Amino acid sequence: NSAAELLPTNTVCLSRTGASIGYTVILGKPIATNQGFVNYICSEFLLPKFLMHIFLFERTSIISYGEGTAYKTVYFPEAKGFHIIFPPINEQKRIVSKIEELFSKIDSIKQSLEQTKLQLELYRASLLKSVFEVKLTEDWKVIKINELTKSRKIGLVRAIREQSTSGTPYLKMNNITIDGQLDLSSIVYVNCSDQELGNYLLEKNDILFNTRNSFELVGKTTIWDNSINNCIFNNN
């Protein structure tokens, strides 16, 4: 008893609601969609892949037509008023072919970069293993870190709503990269008392160890280099 219409293969479906506004897909088989899509059944003069790539390219513009605050929607009158460039069908085919060729090269480069990254990570792990996996001797002993460090502490707790663009610099776990570098491009600031500043002030050569994060990121470590004056650190 559903009023949903079964759409044919190669229908171009444009999402018009929420965070997915502008996302576009071509149906690989007959299917029905909900009202969150504007569906285009192309004539013989319009290549579905050509229309899809135009929508993907113009996603920012499509989003700008959305109305609402928390949940934006592109309403049908606006969607019906969309205009596109319209070359002959052979030119559409040439453009789509070129786009797919370039996307294929991008995918190949991405795969190569991911493989290189994996190889570097394996090499790094192997290098560290060769340095630290030694047989214990009179000179090499197992000892608690606590016995070799002056202090160990968890940082200052400040909720996101208490973080801003002014106050005391506040180092968070996202400011440490996976390869142990400092990334201060997104540093935030908080208000703190003189006592808190004294307790959590970072000093040059302090070692920062990420204790909480997703599985693959726990353990990120770096050494503070005093790139920012009077910087404190959070509880992660």
# chains A, B, ... in the order shown; residues from 1 in each chain; ligands from 1
>>> residues_around(residues="stretch 219-227 of chain A", least_positions_apart="6", cutoff="10 Å", atoms="only C-alpha atoms", output="ChimeraX atom specification")
/A:173-182,184,202-213
>>> residues_around(residues="A:Asn191", least_positions_apart="4", cutoff="8 Å", atoms="only C-alpha atoms", output="mmCIF file with N, CA and C atoms, in the first residue's frame")
data_model
loop_
_atom_site.group_PDB
_atom_site.id
_atom_site.type_symbol
_atom_site.label_atom_id
_atom_site.label_comp_id
_atom_site.auth_asym_id
_atom_site.auth_seq_id
_atom_site.Cartn_x
_atom_site.Cartn_y
_atom_site.Cartn_z
ATOM 1 N N GLU A 162 33.991 25.267 28.087
ATOM 2 C CA GLU A 162 34.875 26.170 28.824
ATOM 3 C C GLU A 162 36.106 26.553 28.006
ATOM 4 N N GLY A 167 42.608 33.486 26.696
ATOM 5 C CA GLY A 167 42.928 32.948 28.011
ATOM 6 C C GLY A 167 44.290 32.283 28.001
ATOM 7 N N THR A 168 44.412 31.165 28.708
ATOM 8 C CA THR A 168 45.664 30.425 28.802
ATOM 9 C C THR A 168 45.685 29.303 27.763
#
>>> select_by_dssp(residues="stretch 18-203 of chain A", states="alpha helix (DSSP H)", output="number ranges by chain")
A: 48-57, 59-64, 76-80, 89-132, 194-200
>>> residues_around(residues="A:Leu47", least_positions_apart="6", cutoff="12 Å", atoms="only C-alpha atoms", output="PyMOL selection string")
chain A and resi 10-12+26+40-41+53-54+86-97
>>> write_last_selection(atoms="C-alpha atoms", output="PDB file, in the first residue's frame")
ATOM      1  CA  ASN A  10      20.419   4.957 -13.702  1.00  0.00           C
ATOM      2  CA  THR A  11      18.140   7.366 -11.851  1.00  0.00           C
ATOM      3  CA  VAL A  12      20.252  10.182 -10.342  1.00  0.00           C
ATOM      4  CA  ILE A  26      23.173   6.694  -9.459  1.00  0.00           C
ATOM      5  CA  TYR A  40      16.171  12.667 -11.775  1.00  0.00           C
ATOM      6  CA  ILE A  41      15.343  10.218 -14.574  1.00  0.00           C
ATOM      7  CA  HIS A  53      29.363  14.960 -11.349  1.00  0.00           C
ATOM      8  CA  ILE A  54      27.776  18.385 -11.777  1.00  0.00           C
ATOM      9  CA  PHE A  86      24.412  21.348 -21.141  1.00  0.00           C
ATOM     10  CA  PRO A  87      26.945  20.269 -23.796  1.00  0.00           C
ATOM     11  CA  PRO A  88      26.122  17.735 -26.542  1.00  0.00           C
ATOM     12  CA  ILE A  89      25.919  14.106 -25.445  1.00  0.00           C
ATOM     13  CA  ASN A  90      29.291  13.189 -26.994  1.00  0.00           C
ATOM     14  CA  GLU A  91      30.949  16.003 -25.083  1.00  0.00           C
ATOM     15  CA  GLN A  92      29.255  14.803 -21.898  1.00  0.00           C
ATOM     16  CA  LYS A  93      30.729  11.352 -22.494  1.00  0.00           C
ATOM     17  CA  ARG A  94      34.187  12.829 -23.062  1.00  0.00           C
ATOM     18  CA  ILE A  95      33.986  14.874 -19.862  1.00  0.00           C
ATOM     19  CA  VAL A  96      32.791  11.911 -17.784  1.00  0.00           C
ATOM     20  CA  SER A  97      35.528   9.711 -19.246  1.00  0.00           C
TER      21      SER A  97
END
>>> select_by_dssp(residues="stretch 31-172 of chain A", states="strand (DSSP E or B)", output="list of chain:residue names")
A:Ile31, A:Phe37, A:Val38, A:Asn39, A:Tyr40, A:Glu67, A:Thr73, A:Leu156, A:Ser164, A:Thr168, A:Pro169, A:Tyr170, A:Leu171
>>> write_last_selection(atoms="all heavy atoms", output="compact mmCIF listing (two decimals), in the first residue's frame")
# COMPACT_ATOMS: atom_id res chain seq x y z
N ILE A 31 14.76 0.86 -7.60
CA ILE A 31 14.59 0.99 -6.15
C ILE A 31 13.73 2.21 -5.86
O ILE A 31 13.61 3.12 -6.69
CB ILE A 31 15.98 1.11 -5.47
CG1 ILE A 31 15.88 0.83 -3.97
CG2 ILE A 31 16.59 2.47 -5.73
CD1 ILE A 31 17.23 0.73 -3.30
N PHE A 37 15.18 12.70 -0.97
CA PHE A 37 15.91 12.81 -2.24
C PHE A 37 15.09 13.54 -3.29
O PHE A 37 13.86 13.49 -3.28
CB PHE A 37 16.25 11.42 -2.79
CG PHE A 37 17.23 10.66 -1.97
CD1 PHE A 37 16.79 9.82 -0.94
CD2 PHE A 37 18.59 10.76 -2.20
CE1 PHE A 37 17.69 9.10 -0.18
CE2 PHE A 37 19.50 10.04 -1.44
CZ PHE A 37 19.05 9.21 -0.43
N VAL A 38 15.81 14.20 -4.19
CA VAL A 38 15.23 14.63 -5.45
C VAL A 38 15.78 13.66 -6.50
O VAL A 38 16.99 13.50 -6.62
CB VAL A 38 15.64 16.07 -5.82
CG1 VAL A 38 14.96 16.49 -7.10
CG2 VAL A 38 15.30 17.03 -4.69
N ASN A 39 14.90 13.01 -7.22
CA ASN A 39 15.30 11.96 -8.14
C ASN A 39 15.13 12.41 -9.59
O ASN A 39 14.07 12.91 -9.97
CB ASN A 39 14.48 10.69 -7.88
CG ASN A 39 14.67 10.19 -6.46
OD1 ASN A 39 15.80 10.03 -6.01
ND2 ASN A 39 13.58 9.95 -5.75
N TYR A 40 16.18 12.22 -10.38
CA TYR A 40 16.17 12.67 -11.78
C TYR A 40 16.30 11.46 -12.71
O TYR A 40 17.29 10.74 -12.66
CB TYR A 40 17.33 13.63 -12.04
CG TYR A 40 17.27 14.91 -11.23
CD1 TYR A 40 17.79 14.95 -9.95
CD2 TYR A 40 16.69 16.06 -11.75
CE1 TYR A 40 17.75 16.12 -9.19
CE2 TYR A 40 16.64 17.24 -11.01
CZ TYR A 40 17.16 17.26 -9.73
OH TYR A 40 17.12 18.40 -8.98
N GLU A 67 17.21 25.49 3.69
CA GLU A 67 16.54 26.34 4.66
C GLU A 67 16.40 25.59 5.99
O GLU A 67 16.24 24.37 6.01
CB GLU A 67 15.17 26.76 4.14
CG GLU A 67 15.22 27.58 2.86
CD GLU A 67 13.83 27.99 2.38
OE1 GLU A 67 12.91 28.00 3.22
OE2 GLU A 67 13.68 28.28 1.18
N THR A 73 17.03 21.88 4.76
CA THR A 73 16.35 21.16 3.69
C THR A 73 16.30 22.02 2.44
O THR A 73 16.02 23.22 2.50
CB THR A 73 14.90 20.80 4.10
OG1 THR A 73 14.93 19.96 5.25
CG2 THR A 73 14.18 20.08 2.97
N LEU A 156 44.80 19.24 33.43
CA LEU A 156 43.64 19.98 33.92
C LEU A 156 42.39 19.64 33.12
O LEU A 156 42.42 19.61 31.89
CB LEU A 156 43.92 21.48 33.83
CG LEU A 156 42.82 22.42 34.31
CD1 LEU A 156 42.61 22.29 35.82
CD2 LEU A 156 43.16 23.87 33.95
N SER A 164 37.90 28.34 24.66
CA SER A 164 37.60 29.49 23.80
C SER A 164 38.83 29.92 23.02
O SER A 164 39.79 29.14 22.88
CB SER A 164 37.08 30.66 24.66
OG SER A 164 38.12 31.11 25.54
N THR A 168 44.41 31.16 28.71
CA THR A 168 45.66 30.43 28.80
C THR A 168 45.69 29.30 27.76
O THR A 168 44.72 28.55 27.65
CB THR A 168 45.82 29.81 30.21
OG1 THR A 168 45.81 30.86 31.19
CG2 THR A 168 47.13 29.03 30.32
N PRO A 169 46.77 29.18 26.98
CA PRO A 169 46.85 28.10 25.99
C PRO A 169 46.65 26.73 26.65
O PRO A 169 47.21 26.47 27.72
CB PRO A 169 48.26 28.24 25.41
CG PRO A 169 48.65 29.65 25.68
CD PRO A 169 47.98 30.03 26.97
N TYR A 170 45.87 25.86 26.00
CA TYR A 170 45.44 24.59 26.60
C TYR A 170 45.71 23.48 25.60
O TYR A 170 45.00 23.32 24.62
CB TYR A 170 43.95 24.70 26.92
CG TYR A 170 43.33 23.55 27.67
CD1 TYR A 170 43.77 23.16 28.92
CD2 TYR A 170 42.24 22.87 27.12
CE1 TYR A 170 43.16 22.13 29.62
CE2 TYR A 170 41.61 21.83 27.80
CZ TYR A 170 42.07 21.47 29.05
OH TYR A 170 41.45 20.44 29.74
N LEU A 171 46.76 22.70 25.84
CA LEU A 171 47.17 21.65 24.91
C LEU A 171 46.27 20.43 25.06
O LEU A 171 46.06 19.93 26.17
CB LEU A 171 48.62 21.26 25.17
CG LEU A 171 49.30 20.48 24.05
CD1 LEU A 171 49.70 21.43 22.92
CD2 LEU A 171 50.53 19.75 24.57
>>> residues_around(residues="A:Gly28", least_positions_apart="4", cutoff="12 Å", atoms="only C-alpha atoms", output="list in words")
Leu7, Pro8, Thr9, Asn10, Thr11, Val12, Cys13, Ala32, Pro48 and Lys49 of chain A
>>> write_last_selection(atoms="N, CA, C and O atoms", output="PDB file, in the first residue's frame")
ATOM      1  N   LEU A   7      11.873   3.507  -8.849  1.00  0.00           N
ATOM      2  CA  LEU A   7      12.664   4.270  -9.808  1.00  0.00           C
ATOM      3  C   LEU A   7      13.525   3.341 -10.654  1.00  0.00           C
ATOM      4  O   LEU A   7      14.022   2.332 -10.164  1.00  0.00           O
ATOM      5  N   PRO A   8      13.738   3.666 -11.919  1.00  0.00           N
ATOM      6  CA  PRO A   8      14.508   2.771 -12.801  1.00  0.00           C
ATOM      7  C   PRO A   8      16.009   2.871 -12.554  1.00  0.00           C
ATOM      8  O   PRO A   8      16.503   3.821 -11.938  1.00  0.00           O
ATOM      9  N   THR A   9      16.712   1.887 -13.040  1.00  0.00           N
ATOM     10  CA  THR A   9      18.179   1.906 -13.030  1.00  0.00           C
ATOM     11  C   THR A   9      18.680   3.180 -13.710  1.00  0.00           C
ATOM     12  O   THR A   9      18.083   3.658 -14.668  1.00  0.00           O
ATOM     13  N   ASN A  10      19.773   3.735 -13.185  1.00  0.00           N
ATOM     14  CA  ASN A  10      20.419   4.957 -13.702  1.00  0.00           C
ATOM     15  C   ASN A  10      19.704   6.240 -13.307  1.00  0.00           C
ATOM     16  O   ASN A  10      20.058   7.324 -13.802  1.00  0.00           O
ATOM     17  N   THR A  11      18.717   6.147 -12.405  1.00  0.00           N
ATOM     18  CA  THR A  11      18.140   7.366 -11.851  1.00  0.00           C
ATOM     19  C   THR A  11      19.199   8.062 -11.002  1.00  0.00           C
ATOM     20  O   THR A  11      19.929   7.420 -10.242  1.00  0.00           O
ATOM     21  N   VAL A  12      19.300   9.389 -11.136  1.00  0.00           N
ATOM     22  CA  VAL A  12      20.252  10.182 -10.342  1.00  0.00           C
ATOM     23  C   VAL A  12      19.527  10.690  -9.099  1.00  0.00           C
ATOM     24  O   VAL A  12      18.536  11.417  -9.206  1.00  0.00           O
ATOM     25  N   CYS A  13      20.007  10.287  -7.934  1.00  0.00           N
ATOM     26  CA  CYS A  13      19.353  10.640  -6.663  1.00  0.00           C
ATOM     27  C   CYS A  13      20.194  11.680  -5.928  1.00  0.00           C
ATOM     28  O   CYS A  13      21.346  11.417  -5.566  1.00  0.00           O
ATOM     29  N   ALA A  32      13.128   2.245  -4.684  1.00  0.00           N
ATOM     30  CA  ALA A  32      12.353   3.413  -4.247  1.00  0.00           C
ATOM     31  C   ALA A  32      13.154   4.159  -3.189  1.00  0.00           C
ATOM     32  O   ALA A  32      13.951   3.564  -2.462  1.00  0.00           O
ATOM     33  N   PRO A  48      23.500  10.308 -17.152  1.00  0.00           N
ATOM     34  CA  PRO A  48      23.366  10.312 -15.691  1.00  0.00           C
ATOM     35  C   PRO A  48      24.673  10.634 -14.951  1.00  0.00           C
ATOM     36  O   PRO A  48      24.667  11.399 -13.986  1.00  0.00           O
ATOM     37  N   LYS A  49      25.779  10.077 -15.405  1.00  0.00           N
ATOM     38  CA  LYS A  49      27.055  10.338 -14.740  1.00  0.00           C
ATOM     39  C   LYS A  49      27.473  11.796 -14.871  1.00  0.00           C
ATOM     40  O   LYS A  49      28.100  12.357 -13.973  1.00  0.00           O
TER      41      LYS A  49
END
>>> closest_residue(among="A:Phe82, A:Lys110, A:Pro30, A:Asp139", to="A:Leu51", atoms="only C-alpha atoms")
A:Phe82
>>> atom_distance(atom1="atom CA of A:Ser64", atom2="atom CA of A:Leu27")
25.3 Å
>>> atom_distance(atom1="atom CA of A:Ser186", atom2="atom CA of A:Ile62")
28.9 Å
>>> decode(residues="stretch 76-161 of chain A", atoms="C-alpha atoms", output="PDB file, in the first residue's frame")
ATOM      1  CA  PHE A  76      11.313  21.140  -4.200  1.00  0.00           C
ATOM      2  CA  PRO A  77      10.610  24.629  -5.679  1.00  0.00           C
ATOM      3  CA  GLU A  78      14.325  25.465  -5.323  1.00  0.00           C
ATOM      4  CA  ALA A  79      15.410  22.070  -6.670  1.00  0.00           C
ATOM      5  CA  LYS A  80      13.099  22.440  -9.674  1.00  0.00           C
ATOM      6  CA  GLY A  81      14.784  25.743 -10.473  1.00  0.00           C
ATOM      7  CA  PHE A  82      18.314  24.308 -10.761  1.00  0.00           C
ATOM      8  CA  HIS A  83      20.141  25.103 -14.010  1.00  0.00           C
ATOM      9  CA  ILE A  84      23.138  23.218 -15.430  1.00  0.00           C
ATOM     10  CA  ILE A  85      25.561  23.592 -18.315  1.00  0.00           C
ATOM     11  CA  PHE A  86      24.412  21.348 -21.141  1.00  0.00           C
ATOM     12  CA  PRO A  87      26.945  20.269 -23.796  1.00  0.00           C
ATOM     13  CA  PRO A  88      26.122  17.735 -26.542  1.00  0.00           C
ATOM     14  CA  ILE A  89      25.919  14.106 -25.445  1.00  0.00           C
ATOM     15  CA  ASN A  90      29.291  13.189 -26.994  1.00  0.00           C
ATOM     16  CA  GLU A  91      30.949  16.003 -25.083  1.00  0.00           C
ATOM     17  CA  GLN A  92      29.255  14.803 -21.898  1.00  0.00           C
ATOM     18  CA  LYS A  93      30.729  11.352 -22.494  1.00  0.00           C
ATOM     19  CA  ARG A  94      34.187  12.829 -23.062  1.00  0.00           C
ATOM     20  CA  ILE A  95      33.986  14.874 -19.862  1.00  0.00           C
ATOM     21  CA  VAL A  96      32.791  11.911 -17.784  1.00  0.00           C
ATOM     22  CA  SER A  97      35.528   9.711 -19.246  1.00  0.00           C
ATOM     23  CA  LYS A  98      38.192  12.294 -18.352  1.00  0.00           C
ATOM     24  CA  ILE A  99      36.832  12.697 -14.807  1.00  0.00           C
ATOM     25  CA  GLU A 100      36.838   8.935 -14.245  1.00  0.00           C
ATOM     26  CA  GLU A 101      40.364   8.676 -15.638  1.00  0.00           C
ATOM     27  CA  LEU A 102      41.604  11.363 -13.217  1.00  0.00           C
ATOM     28  CA  PHE A 103      39.692   9.870 -10.283  1.00  0.00           C
ATOM     29  CA  SER A 104      41.293   6.512 -11.072  1.00  0.00           C
ATOM     30  CA  LYS A 105      44.749   8.126 -10.912  1.00  0.00           C
ATOM     31  CA  ILE A 106      43.843   9.774  -7.592  1.00  0.00           C
ATOM     32  CA  ASP A 107      42.696   6.431  -6.170  1.00  0.00           C
ATOM     33  CA  SER A 108      45.938   4.825  -7.338  1.00  0.00           C
ATOM     34  CA  ILE A 109      48.033   7.577  -5.727  1.00  0.00           C
ATOM     35  CA  LYS A 110      45.999   7.327  -2.516  1.00  0.00           C
ATOM     36  CA  GLN A 111      46.523   3.571  -2.380  1.00  0.00           C
ATOM     37  CA  SER A 112      50.245   4.040  -2.984  1.00  0.00           C
ATOM     38  CA  LEU A 113      50.475   6.648  -0.209  1.00  0.00           C
ATOM     39  CA  GLU A 114      48.611   4.398   2.209  1.00  0.00           C
ATOM     40  CA  GLN A 115      50.973   1.533   1.380  1.00  0.00           C
ATOM     41  CA  THR A 116      53.973   3.817   1.878  1.00  0.00           C
ATOM     42  CA  LYS A 117      52.565   4.992   5.215  1.00  0.00           C
ATOM     43  CA  LEU A 118      52.098   1.375   6.324  1.00  0.00           C
ATOM     44  CA  GLN A 119      55.650   0.513   5.287  1.00  0.00           C
ATOM     45  CA  LEU A 120      57.007   3.500   7.228  1.00  0.00           C
ATOM     46  CA  GLU A 121      55.037   2.496  10.317  1.00  0.00           C
ATOM     47  CA  LEU A 122      56.363  -1.075  10.064  1.00  0.00           C
ATOM     48  CA  TYR A 123      59.900   0.219   9.576  1.00  0.00           C
ATOM     49  CA  ARG A 124      59.550   2.518  12.571  1.00  0.00           C
ATOM     50  CA  ALA A 125      58.268  -0.323  14.739  1.00  0.00           C
ATOM     51  CA  SER A 126      61.103  -2.551  13.537  1.00  0.00           C
ATOM     52  CA  LEU A 127      63.665   0.155  14.245  1.00  0.00           C
ATOM     53  CA  LEU A 128      62.386   0.742  17.778  1.00  0.00           C
ATOM     54  CA  LYS A 129      62.298  -3.011  18.384  1.00  0.00           C
ATOM     55  CA  SER A 130      65.921  -3.365  17.295  1.00  0.00           C
ATOM     56  CA  VAL A 131      66.934  -0.578  19.690  1.00  0.00           C
ATOM     57  CA  PHE A 132      64.965  -1.567  22.778  1.00  0.00           C
ATOM     58  CA  GLU A 133      64.603  -5.344  22.530  1.00  0.00           C
ATOM     59  CA  VAL A 134      67.862  -6.307  24.240  1.00  0.00           C
ATOM     60  CA  LYS A 135      68.900  -8.971  26.666  1.00  0.00           C
ATOM     61  CA  LEU A 136      69.064  -7.806  30.265  1.00  0.00           C
ATOM     62  CA  THR A 137      72.592  -7.441  31.599  1.00  0.00           C
ATOM     63  CA  GLU A 138      74.156  -5.760  34.602  1.00  0.00           C
ATOM     64  CA  ASP A 139      73.992  -2.502  32.647  1.00  0.00           C
ATOM     65  CA  TRP A 140      70.444  -2.966  31.320  1.00  0.00           C
ATOM     66  CA  LYS A 141      67.791  -3.292  34.017  1.00  0.00           C
ATOM     67  CA  VAL A 142      64.000  -3.194  34.259  1.00  0.00           C
ATOM     68  CA  ILE A 143      62.970  -0.259  36.422  1.00  0.00           C
ATOM     69  CA  LYS A 144      59.776   1.691  37.013  1.00  0.00           C
ATOM     70  CA  ILE A 145      59.519   4.987  35.158  1.00  0.00           C
ATOM     71  CA  ASN A 146      58.365   6.574  38.421  1.00  0.00           C
ATOM     72  CA  GLU A 147      61.853   6.003  39.826  1.00  0.00           C
ATOM     73  CA  LEU A 148      63.467   7.882  36.956  1.00  0.00           C
ATOM     74  CA  THR A 149      61.147  10.878  36.606  1.00  0.00           C
ATOM     75  CA  LYS A 150      60.674  13.847  38.907  1.00  0.00           C
ATOM     76  CA  SER A 151      56.877  14.001  38.572  1.00  0.00           C
ATOM     77  CA  ARG A 152      53.928  12.452  36.803  1.00  0.00           C
ATOM     78  CA  LYS A 153      50.501  13.998  36.570  1.00  0.00           C
ATOM     79  CA  ILE A 154      47.228  14.057  34.675  1.00  0.00           C
ATOM     80  CA  GLY A 155      46.346  17.429  33.170  1.00  0.00           C
ATOM     81  CA  LEU A 156      43.642  19.976  33.923  1.00  0.00           C
ATOM     82  CA  VAL A 157      40.014  19.119  33.179  1.00  0.00           C
ATOM     83  CA  ARG A 158      38.126  21.693  31.118  1.00  0.00           C
ATOM     84  CA  ALA A 159      34.899  20.881  29.263  1.00  0.00           C
ATOM     85  CA  ILE A 160      34.517  21.945  25.626  1.00  0.00           C
ATOM     86  CA  ARG A 161      32.092  24.695  26.661  1.00  0.00           C
TER      87      ARG A 161
END
